[in-house]
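Raw contents of input26.pdb, PDB, C-alpha atoms:
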```
ATOM      1  CA  MET E   1     -24.425-190.840  34.270
ATOM      2  CA  LYS E   2     -24.692-188.959  37.572
ATOM      3  CA  ARG E   3     -23.245-191.966  39.410
ATOM      4  CA  LEU E   4     -20.414-192.173  36.863
ATOM      5  CA  ARG E   5     -19.524-188.487  37.361
ATOM      6  CA  GLU E   6     -19.396-189.017  41.136
ATOM      7  CA  LEU E   7     -17.025-191.969  40.710
ATOM      8  CA  VAL E   8     -14.722-189.943  38.436
ATOM      9  CA  ARG E   9     -14.632-187.063  40.941
ATOM     10  CA  ALA E  10     -13.888-189.459  43.796
ATOM     11  CA  ALA E  11     -11.052-191.026  41.816
ATOM     12  CA  GLY E  12      -9.529-187.601  41.107
ATOM     13  CA  ASP E  13      -9.696-186.666  44.799
ATOM     14  CA  ALA E  14      -8.065-189.936  45.765
ATOM     15  CA  ALA E  15      -5.214-189.335  43.315
ATOM     16  CA  LEU E  16      -4.650-185.869  44.795
ATOM     17  CA  GLN E  17      -4.530-187.305  48.311
ATOM     18  CA  LEU E  18      -1.925-189.840  47.163
ATOM     19  CA  THR E  19       0.300-187.109  45.704
ATOM     20  CA  LEU E  20       0.400-184.524  48.484
ATOM     21  CA  PRO E  21       1.549-186.766  51.385
ATOM     22  CA  LEU E  22       4.839-187.429  49.527
ATOM     23  CA  PHE E  23       5.939-184.022  50.860
ATOM     24  CA  GLU E  24       5.773-182.636  54.354
ATOM     25  CA  ALA E  25       3.086-180.094  54.986
ATOM     26  CA  PRO E  26       4.326-177.007  53.098
ATOM     27  CA  PRO E  27       4.955-173.770  55.009
ATOM     28  CA  ALA E  28       3.294-170.643  53.693
ATOM     29  CA  LEU E  29       5.218-168.450  51.252
ATOM     30  CA  PRO E  30       5.287-164.808  52.498
ATOM     31  CA  PRO E  31       4.950-162.177  49.767
ATOM     32  CA  ARG E  32       8.362-161.737  48.100
ATOM     33  CA  ALA E  33      10.290-162.502  51.294
ATOM     34  CA  PRO E  34      13.823-163.556  50.296
ATOM     35  CA  VAL E  35      14.344-165.620  53.419
ATOM     36  CA  ALA E  36      12.418-167.040  56.401
ATOM     37  CA  TRP E  37       9.495-169.125  55.290
ATOM     38  CA  PRO E  38       7.062-169.288  58.279
ATOM     39  CA  PRO E  39       4.763-172.316  58.556
ATOM     40  CA  ARG E  40       1.018-172.220  58.365
ATOM     41  CA  PRO E  41      -1.624-174.648  59.654
ATOM     42  CA  GLU E  42      -2.427-177.582  57.494
ATOM     43  CA  ALA E  43      -5.395-177.113  55.216
ATOM     44  CA  PRO E  44      -7.402-179.670  53.280
ATOM     45  CA  PRO E  45      -6.119-180.112  49.747
ATOM     46  CA  PRO E  46      -7.958-178.032  47.129
ATOM     47  CA  ARG E  47     -10.055-179.773  44.554
ATOM     48  CA  GLY E  48     -11.538-178.981  41.196
ATOM     49  CA  PRO E  49     -10.537-175.912  39.153
ATOM     50  CA  VAL E  50      -9.016-174.129  42.178
ATOM     51  CA  ALA E  51      -6.130-176.631  42.253
ATOM     52  CA  ARG E  52      -4.888-175.353  38.873
ATOM     53  CA  THR E  53      -4.320-171.817  40.206
ATOM     54  CA  LEU E  54      -2.133-172.851  43.166
ATOM     55  CA  PRO E  55       1.656-173.108  42.912
ATOM     56  CA  PRO E  56       3.146-176.591  42.958
ATOM     57  CA  VAL E  57       4.124-178.001  46.318
ATOM     58  CA  GLU E  58       7.941-177.867  45.883
ATOM     59  CA  PRO E  59       8.171-174.093  45.277
ATOM     60  CA  ARG E  60       6.536-173.544  48.665
ATOM     61  CA  THR E  61       9.805-174.664  50.276
ATOM     62  CA  THR E  62      12.066-173.116  47.608
ATOM     63  CA  PRO E  63      11.702-169.933  45.522
ATOM     64  CA  PRO E  64       9.907-170.628  42.240
ATOM     65  CA  GLY E  65      12.196-170.623  39.203
ATOM     66  CA  ARG E  66      14.528-167.661  39.548
ATOM     67  CA  GLY E  67      14.661-165.425  42.594
ATOM     68  CA  ARG E  68      16.818-163.337  44.856
ATOM     69  CA  ARG E  69      17.848-164.737  48.219
ATOM     70  CA  VAL E  70      20.252-163.784  50.985
ATOM     71  CA  ALA E  71      22.879-166.088  52.464
ATOM     72  CA  LYS E  72      24.690-165.435  55.740
ATOM     73  CA  LEU E  73      28.402-166.101  55.230
ATOM     74  CA  GLY E  74      30.075-165.384  58.555
ATOM     75  CA  PRO E  75      29.526-161.681  59.270
ATOM     76  CA  HIS E  76      28.539-161.017  55.643
ATOM     77  CA  ALA E  77      25.022-161.049  54.211
ATOM     78  CA  VAL E  78      25.410-161.993  50.565
ATOM     79  CA  GLU E  79      22.531-161.617  48.130
ATOM     80  CA  TYR E  80      22.439-164.146  45.324
ATOM     81  CA  GLU E  81      20.267-165.234  42.425
ATOM     82  CA  LEU E  82      18.866-168.744  42.548
ATOM     83  CA  ARG E  83      18.130-170.494  39.282
ATOM     84  CA  ARG E  84      16.488-173.882  38.946
ATOM     85  CA  SER E  85      17.633-176.120  36.110
ATOM     86  CA  ARG E  86      17.923-179.701  34.941
ATOM     87  CA  ARG E  87      21.534-179.975  36.035
ATOM     88  CA  ARG E  88      22.326-182.726  38.554
ATOM     89  CA  THR E  89      24.581-180.727  40.895
ATOM     90  CA  ILE E  90      24.613-177.321  42.568
ATOM     91  CA  GLY E  91      26.722-174.815  40.646
ATOM     92  CA  PHE E  92      28.225-171.512  41.771
ATOM     93  CA  PHE E  93      29.048-168.595  39.447
ATOM     94  CA  VAL E  94      30.474-165.185  40.358
ATOM     95  CA  ASP E  95      30.738-162.301  37.902
ATOM     96  CA  ASP E  96      30.142-158.561  37.801
ATOM     97  CA  THR E  97      26.466-159.075  38.719
ATOM     98  CA  GLY E  98      27.289-160.967  41.916
ATOM     99  CA  LEU E  99      26.690-164.569  43.004
ATOM    100  CA  ARG E 100      24.467-166.915  41.018
ATOM    101  CA  VAL E 101      23.536-170.387  42.243
ATOM    102  CA  THR E 102      22.097-172.982  39.875
ATOM    103  CA  ALA E 103      20.500-176.041  41.429
ATOM    104  CA  PRO E 104      18.362-179.022  40.403
ATOM    105  CA  ARG E 105      14.634-178.531  40.857
ATOM    106  CA  TRP E 106      14.416-181.230  43.496
ATOM    107  CA  VAL E 107      17.087-179.772  45.841
ATOM    108  CA  THR E 108      15.642-177.986  48.882
ATOM    109  CA  VAL E 109      16.597-174.502  50.034
ATOM    110  CA  SER E 110      18.190-175.894  53.202
ATOM    111  CA  GLU E 111      20.448-178.103  51.067
ATOM    112  CA  ILE E 112      21.357-175.106  48.910
ATOM    113  CA  ASP E 113      22.140-173.026  52.010
ATOM    114  CA  ALA E 114      24.359-175.815  53.324
ATOM    115  CA  ALA E 115      26.225-175.993  50.002
ATOM    116  CA  ILE E 116      26.742-172.202  50.010
ATOM    117  CA  ALA E 117      28.092-172.342  53.562
ATOM    118  CA  ASP E 118      30.492-175.103  52.523
ATOM    119  CA  LYS E 119      31.796-172.935  49.629
ATOM    120  CA  GLN E 120      31.776-169.611  51.488
ATOM    121  CA  GLY E 121      35.560-169.183  51.376
ATOM    122  CA  TRP E 122      35.664-169.490  47.591
ATOM    123  CA  ILE E 123      32.526-167.338  47.171
ATOM    124  CA  LEU E 124      33.821-164.468  49.317
ATOM    125  CA  ARG E 125      37.212-164.556  47.622
ATOM    126  CA  LYS E 126      35.656-164.355  44.150
ATOM    127  CA  LEU E 127      33.286-161.563  45.172
ATOM    128  CA  VAL E 128      36.253-159.524  46.431
ATOM    129  CA  GLU E 129      38.123-160.178  43.183
ATOM    130  CA  TRP E 130      35.169-158.951  41.141
ATOM    131  CA  ARG E 131      34.764-155.891  43.366
ATOM    132  CA  ASP E 132      38.426-155.018  42.792
ATOM    133  CA  HIS E 133      37.945-155.685  39.079
ATOM    134  CA  ALA E 134      35.011-153.249  38.973
ATOM    135  CA  GLU E 135      37.027-150.606  40.822
ATOM    136  CA  ARG E 136      39.870-150.943  38.315
ATOM    137  CA  ARG E 137      37.412-150.612  35.441
ATOM    138  CA  GLU E 138      35.941-147.488  36.980
ATOM    139  CA  ARG E 139      39.380-146.002  37.549
ATOM    140  CA  LEU E 140      40.721-146.792  34.071
ATOM    141  CA  THR E 141      37.697-146.224  31.830
ATOM    142  CA  VAL E 142      38.122-143.089  29.739
ATOM    143  CA  ARG E 143      35.364-140.480  29.872
ATOM    144  CA  TRP E 144      35.526-138.615  26.607
ATOM    145  CA  GLU E 145      34.741-135.120  27.798
ATOM    146  CA  ASP E 146      36.451-131.896  28.792
ATOM    147  CA  GLY E 147      38.274-132.728  32.029
ATOM    148  CA  GLY E 148      38.262-136.459  31.310
ATOM    149  CA  ARG E 149      41.431-138.446  31.984
ATOM    150  CA  VAL E 150      43.391-140.749  29.737
ATOM    151  CA  ALA E 151      46.486-142.813  30.538
ATOM    152  CA  PHE E 152      49.651-142.130  28.553
ATOM    153  CA  VAL E 153      52.832-144.170  29.135
ATOM    154  CA  GLY E 154      51.701-144.858  32.692
ATOM    155  CA  HIS E 155      50.705-141.282  33.563
ATOM    156  CA  GLU E 156      47.255-139.740  33.706
ATOM    157  CA  LEU E 157      46.594-136.811  31.414
ATOM    158  CA  THR E 158      43.645-134.451  31.773
ATOM    159  CA  MET E 159      41.967-133.559  28.487
ATOM    160  CA  ARG E 160      41.187-129.879  28.020
ATOM    161  CA  LEU E 161      39.249-128.588  25.037
ATOM    162  CA  SER E 162      40.130-125.296  23.413
ATOM    163  CA  ALA E 163      38.749-123.831  20.200
ATOM    164  CA  ARG E 164      41.908-121.870  19.278
ATOM    165  CA  ALA E 165      42.275-121.983  15.514
ATOM    166  CA  ASP E 166      46.062-121.655  15.575
ATOM    167  CA  ALA E 167      46.591-124.565  18.001
ATOM    168  CA  PRO E 168      47.614-128.069  16.873
ATOM    169  CA  ALA E 169      44.904-130.719  16.925
ATOM    170  CA  VAL E 170      46.408-132.262  20.087
ATOM    171  CA  SER E 171      49.336-131.063  22.174
ATOM    172  CA  LEU E 172      50.900-132.272  25.403
ATOM    173  CA  ASP E 173      51.382-129.645  28.085
ATOM    174  CA  GLY E 174      52.750-131.302  31.216
ATOM    175  CA  ASP E 175      49.914-133.427  32.580
ATOM    176  CA  THR E 176      47.369-131.703  30.354
ATOM    177  CA  LEU E 177      46.368-132.910  26.913
ATOM    178  CA  ARG E 178      45.094-129.908  24.992
ATOM    179  CA  VAL E 179      42.647-130.719  22.205
ATOM    180  CA  ALA E 180      41.711-128.093  19.629
ATOM    181  CA  LEU E 181      37.974-128.649  19.778
ATOM    182  CA  PRO E 182      35.154-126.463  21.106
ATOM    183  CA  PRO E 183      33.985-127.300  24.658
ATOM    184  CA  GLY E 184      30.718-128.669  23.279
ATOM    185  CA  ALA E 185      32.392-131.169  20.946
ATOM    186  CA  GLY E 186      30.767-134.574  20.807
ATOM    187  CA  THR E 187      32.138-137.703  22.446
ATOM    188  CA  GLU E 188      32.986-139.438  19.171
ATOM    189  CA  GLN E 189      34.792-136.397  17.766
ATOM    190  CA  LEU E 190      36.930-136.059  20.895
ATOM    191  CA  ARG E 191      37.670-139.785  21.038
ATOM    192  CA  ASP E 192      38.667-139.965  17.370
ATOM    193  CA  THR E 193      40.936-136.932  17.657
ATOM    194  CA  VAL E 194      42.735-138.185  20.772
ATOM    195  CA  GLN E 195      43.017-141.761  19.533
ATOM    196  CA  ALA E 196      44.644-140.565  16.304
ATOM    197  CA  TRP E 197      47.229-138.707  18.413
ATOM    198  CA  LEU E 198      47.756-141.767  20.655
ATOM    199  CA  GLN E 199      48.371-143.976  17.627
ATOM    200  CA  ARG E 200      50.997-141.583  16.299
ATOM    201  CA  GLU E 201      52.654-141.506  19.709
ATOM    202  CA  ALA E 202      52.536-145.311  19.947
ATOM    203  CA  ARG E 203      54.290-145.684  16.598
ATOM    204  CA  ALA E 204      56.998-143.233  17.640
ATOM    205  CA  LEU E 205      57.434-145.025  20.992
ATOM    206  CA  PHE E 206      57.749-148.472  19.394
ATOM    207  CA  GLU E 207      60.246-147.139  16.864
ATOM    208  CA  ARG E 208      62.434-145.986  19.762
ATOM    209  CA  ARG E 209      62.108-149.153  21.880
ATOM    210  CA  LEU E 210      62.277-151.905  19.237
ATOM    211  CA  PRO E 211      65.958-151.366  18.248
ATOM    212  CA  ILE E 212      67.041-151.812  21.881
ATOM    213  CA  TYR E 213      65.725-155.373  22.062
ATOM    214  CA  VAL E 214      66.526-156.245  18.454
ATOM    215  CA  GLU E 215      70.181-155.533  19.272
ATOM    216  CA  ARG E 216      70.023-157.693  22.415
ATOM    217  CA  LEU E 217      68.406-160.590  20.557
ATOM    218  CA  GLY E 218      70.704-160.312  17.561
ATOM    219  CA  ARG E 219      67.887-160.356  15.028
ATOM    220  CA  GLY E 220      64.796-158.364  14.198
ATOM    221  CA  PRO E 221      61.392-158.837  12.593
ATOM    222  CA  THR E 222      60.944-158.886   8.831
ATOM    223  CA  ARG E 223      58.533-156.020   9.394
ATOM    224  CA  TRP E 224      56.305-154.653  12.149
ATOM    225  CA  ARG E 225      53.101-152.674  12.273
ATOM    226  CA  LEU E 226      50.479-151.339  14.641
ATOM    227  CA  SER E 227      47.558-153.482  15.687
ATOM    228  CA  SER E 228      44.092-152.501  16.901
ATOM    229  CA  ALA E 229      43.228-155.979  18.174
ATOM    230  CA  ARG E 230      40.775-156.163  21.060
ATOM    231  CA  THR E 231      42.164-159.363  22.565
ATOM    232  CA  ARG E 232      45.934-159.302  21.966
ATOM    233  CA  TRP E 233      48.672-156.902  22.980
ATOM    234  CA  GLY E 234      51.019-158.279  20.354
ATOM    235  CA  SER E 235      51.574-161.140  17.902
ATOM    236  CA  CYS E 236      54.348-162.749  15.884
ATOM    237  CA  ALA E 237      53.699-164.518  12.574
ATOM    238  CA  PRO E 238      55.697-167.448  11.133
ATOM    239  CA  ASP E 239      57.057-165.124   8.435
ATOM    240  CA  GLY E 240      58.884-163.127  11.111
ATOM    241  CA  SER E 241      56.554-160.134  11.164
ATOM    242  CA  ILE E 242      55.179-158.781  14.431
ATOM    243  CA  ARG E 243      52.259-156.608  15.433
ATOM    244  CA  LEU E 244      52.116-154.360  18.478
ATOM    245  CA  ASN E 245      48.846-153.042  19.834
ATOM    246  CA  TRP E 246      48.849-149.251  19.789
ATOM    247  CA  ARG E 247      46.889-149.238  23.084
ATOM    248  CA  LEU E 248      50.097-150.301  24.828
ATOM    249  CA  VAL E 249      50.900-146.578  24.782
ATOM    250  CA  HIS E 250      48.630-146.288  27.837
ATOM    251  CA  PHE E 251      50.906-148.517  29.934
ATOM    252  CA  PRO E 252      54.141-147.776  31.787
ATOM    253  CA  LEU E 253      57.301-148.209  29.746
ATOM    254  CA  GLU E 254      58.261-151.490  31.438
ATOM    255  CA  ILE E 255      55.082-153.137  30.153
ATOM    256  CA  VAL E 256      55.657-151.791  26.641
ATOM    257  CA  ASP E 257      59.179-153.212  26.754
ATOM    258  CA  TYR E 258      57.907-156.577  28.003
ATOM    259  CA  VAL E 259      55.461-156.981  25.117
ATOM    260  CA  ILE E 260      58.148-155.994  22.597
ATOM    261  CA  ALA E 261      60.626-158.471  24.119
ATOM    262  CA  HIS E 262      57.930-161.157  24.236
ATOM    263  CA  GLU E 263      57.108-160.860  20.551
ATOM    264  CA  LEU E 264      60.752-160.658  19.495
ATOM    265  CA  ALA E 265      61.496-163.834  21.494
ATOM    266  CA  HIS E 266      58.972-165.620  19.278
ATOM    267  CA  LEU E 267      61.386-165.108  16.397
ATOM    268  CA  GLU E 268      63.527-167.726  18.161
ATOM    269  CA  GLU E 269      60.783-169.902  19.690
ATOM    270  CA  MET E 270      57.231-169.995  18.320
ATOM    271  CA  ASN E 271      55.859-171.378  21.584
ATOM    272  CA  HIS E 272      55.755-170.608  25.290
ATOM    273  CA  GLY E 273      58.081-173.349  26.452
ATOM    274  CA  PRO E 274      61.110-173.046  28.778
ATOM    275  CA  ARG E 275      63.439-172.012  25.936
ATOM    276  CA  PHE E 276      61.058-169.217  24.971
ATOM    277  CA  TRP E 277      60.978-167.770  28.492
ATOM    278  CA  ALA E 278      64.735-168.123  28.744
ATOM    279  CA  THR E 279      64.998-166.003  25.592
ATOM    280  CA  VAL E 280      62.723-163.329  27.074
ATOM    281  CA  GLN E 281      64.834-163.353  30.238
ATOM    282  CA  SER E 282      68.034-162.956  28.215
ATOM    283  CA  ILE E 283      66.874-159.758  26.526
ATOM    284  CA  LEU E 284      64.724-158.358  29.370
ATOM    285  CA  PRO E 285      65.932-159.560  32.785
ATOM    286  CA  GLY E 286      63.266-159.310  35.498
ATOM    287  CA  PHE E 287      60.384-159.288  33.008
ATOM    288  CA  GLU E 288      58.148-161.199  35.444
ATOM    289  CA  ALA E 289      56.907-158.082  37.270
ATOM    290  CA  ALA E 290      55.695-156.460  34.042
ATOM    291  CA  ARG E 291      54.112-159.722  32.966
ATOM    292  CA  ARG E 292      52.154-159.918  36.232
ATOM    293  CA  GLN E 293      50.974-156.329  35.834
ATOM    294  CA  LEU E 294      49.674-157.028  32.364
ATOM    295  CA  LYS E 295      47.953-160.237  33.463
ATOM    296  CA  ASP E 296      46.170-158.355  36.262
ATOM    297  CA  PHE E 297      44.780-155.822  33.806
ATOM    298  CA  PRO E 298      40.996-156.266  33.299
ATOM    299  CA  ASP E 299      40.759-158.311  30.107
ATOM    300  CA  ASP E 300      37.301-156.953  29.274
ATOM    301  CA  LEU E 301      38.359-153.313  29.422
ATOM    302  CA  THR E 302      39.404-151.196  26.481
ATOM    303  CA  LEU E 303      41.336-148.150  27.620
ATOM    304  CA  SER E 304      40.480-146.068  24.574
TER     305      SER E 304
END
```
Mind converting the file's structure to structure tokens?
Amino acid sequence: MKRLRELVRAAGDAALQLTLPLFEAPPALPPRAPVAWPPRPEAPPPRGPVARTLPPVEPRTTPPGRGRRVAKLGPHAVEYELRRSRRRTIGFFVDDTGLRVTAPRWVTVSEIDAAIADKQGWILRKLVEWRDHAERRERLTVRWEDGGRVAFVGHELTMRLSARADAPAVSLDGDTLRVALPPGAGTEQLRDTVQAWLQREARALFERRLPIYVERLGRGPTRWRLSSARTRWGSCAPDGSIRLNWRLVHFPLEIVDYVIAHELAHLEEMNHGPRFWATVQSILPGFEAARRQLKDFPDDLTLS
């Protein structure tokens, strides 16, 4: 039995020796260093139980699983998250968290760095777009508090709270929106009060603007109503009814007019073909600028 155990151990050691030479001698992995993997002298392969506690050979040349790394793209040092997966190609994703690279487990870090360098133009462009997107979000997001700002027909209003009992719930005073609530009013109470006022103002605005474009088109909707949709500024149904999102009241008048003209044009063409756009052009010449403005608006942002 002792001789048999020695043979088994020798066979296990031989198998380990056959596996390790398939890779070049791995450099040492410094503690949590995102880049620069300095080499270390070769050491005899571990045997027995110790081998189970060591990381596999491949992660010694690439970060294990997920990790943060830094890529040099021209004069820019760009931090990114590296994820290993079963995919067969290297993928690049840019969002509000930054750059994420997904690569097969067998691809080396040097190959990943080369792929990032090859895509650096696209990566830098997307990172700038997301930075601008974040700045727009920060600028446009409403803070429901005394002194907070809210957009109204393209202008910024400053909300001021006042506990006067004889004052209307909400009143417009130049660039100030006065809200009859105590200074310590909660966020939800302030938001609900101001949103109710904005919805009333939106209805009044649409009632003034709709007849202008109905007259130009020569026909009007069977009915219209306010919408609170989170993903659409307006819609037109086959029965001739239209909906207009009350949050349009935040935008400049030219954007409000564009959405109204857009939905009315669907009464003639229930599509977005050339004849549809010709109809929009006929009732709102030069609509393209407003359309571009609306398309540039952050689609994951709710103004109020």
Pick out the closest residue to Gly184 (chain E) from this set: E:Ile242, E:Trp144, E:Ile123, E:Val214. Count only C-alpha atoms.
E:Trp144
Hey, can you check how far CA of Arg69 (chain E) sits from CA of Glu129 (chain E)?
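We find that CA of Arg69 (chain E) and CA of Glu129 (chain E) lie 21.4 Å from each other.
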Near-Met159 (chain E) list (8 Å; all atoms listed in the file; drop same-chain fewer than 6 positions) as a list in words:
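Answer for this query is Glu145, Asp146, Gly147, Gly148, Arg149, Val150, Thr176, Leu177, Arg178 and Val179 of chain E.
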Using only C-alpha atoms, which of the listed residues (E:Val107, E:Gly74, E:Cys236, E:Leu264) sits closest to Gly121 (chain E)?
E:Gly74
Picked residues, the PyMOL selection byres ((chain E and resi 228) around 6), as a VMD selection string:
chain E and resid 227 229 245
Nearest to Arg243 (chain E) by atom-to-atom distance, counting only C-alpha atoms, from E:Ala196, E:Ala278, E:Ile260, E:Leu190
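When distances to Arg243 (chain E) are compared using only C-alpha atoms, the smallest one comes from E:Ile260.
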List the spatial neighbours of Glu263 (chain E) as a PyMOL selection string - criterion: any atom at most 12 Å away, all atoms listed in the file, same-chain residues fewer than 4 positions off excluded.
chain E and resi 210+213-214+217+220-221+224+232-238+240-245+256-259+267-272+276-277+279-280+283-284
For CA of Glu254 (chain E) and CA of His155 (chain E), determine how far apart the two atoms are, in Å to one decimal place.
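Between CA of Glu254 (chain E) and CA of His155 (chain E) the gap works out to 12.9 Å.
Computed from the coordinates, the CA of Gln199 (chain E) to CA of Glu288 (chain E) distance equals 26.6 Å.
If only C-alpha atoms are the atoms counted, then among E:Val153, E:Val128, E:Ala117, E:Ala167 the closest residue to His250 (chain E) is E:Val153.
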Could you list the residues chosen by the PyMOL selection byres ((chain E and resi 93) around 12) in this structure as a ChimeraX atom specification?
/E:80-83,90-92,94-103,116,119,122-124,126-127,130
Distance criterion (all atoms listed in the file): nearest to Val109 (chain E) out of E:Phe206, E:Gln195, E:Leu294, E:Val70
E:Val70
Shortest contact to Gly154 (chain E), candidates E:Leu253, E:Ala71, E:Val170, E:Ile212, atoms counted only C-alpha atoms, goes to E:Leu253
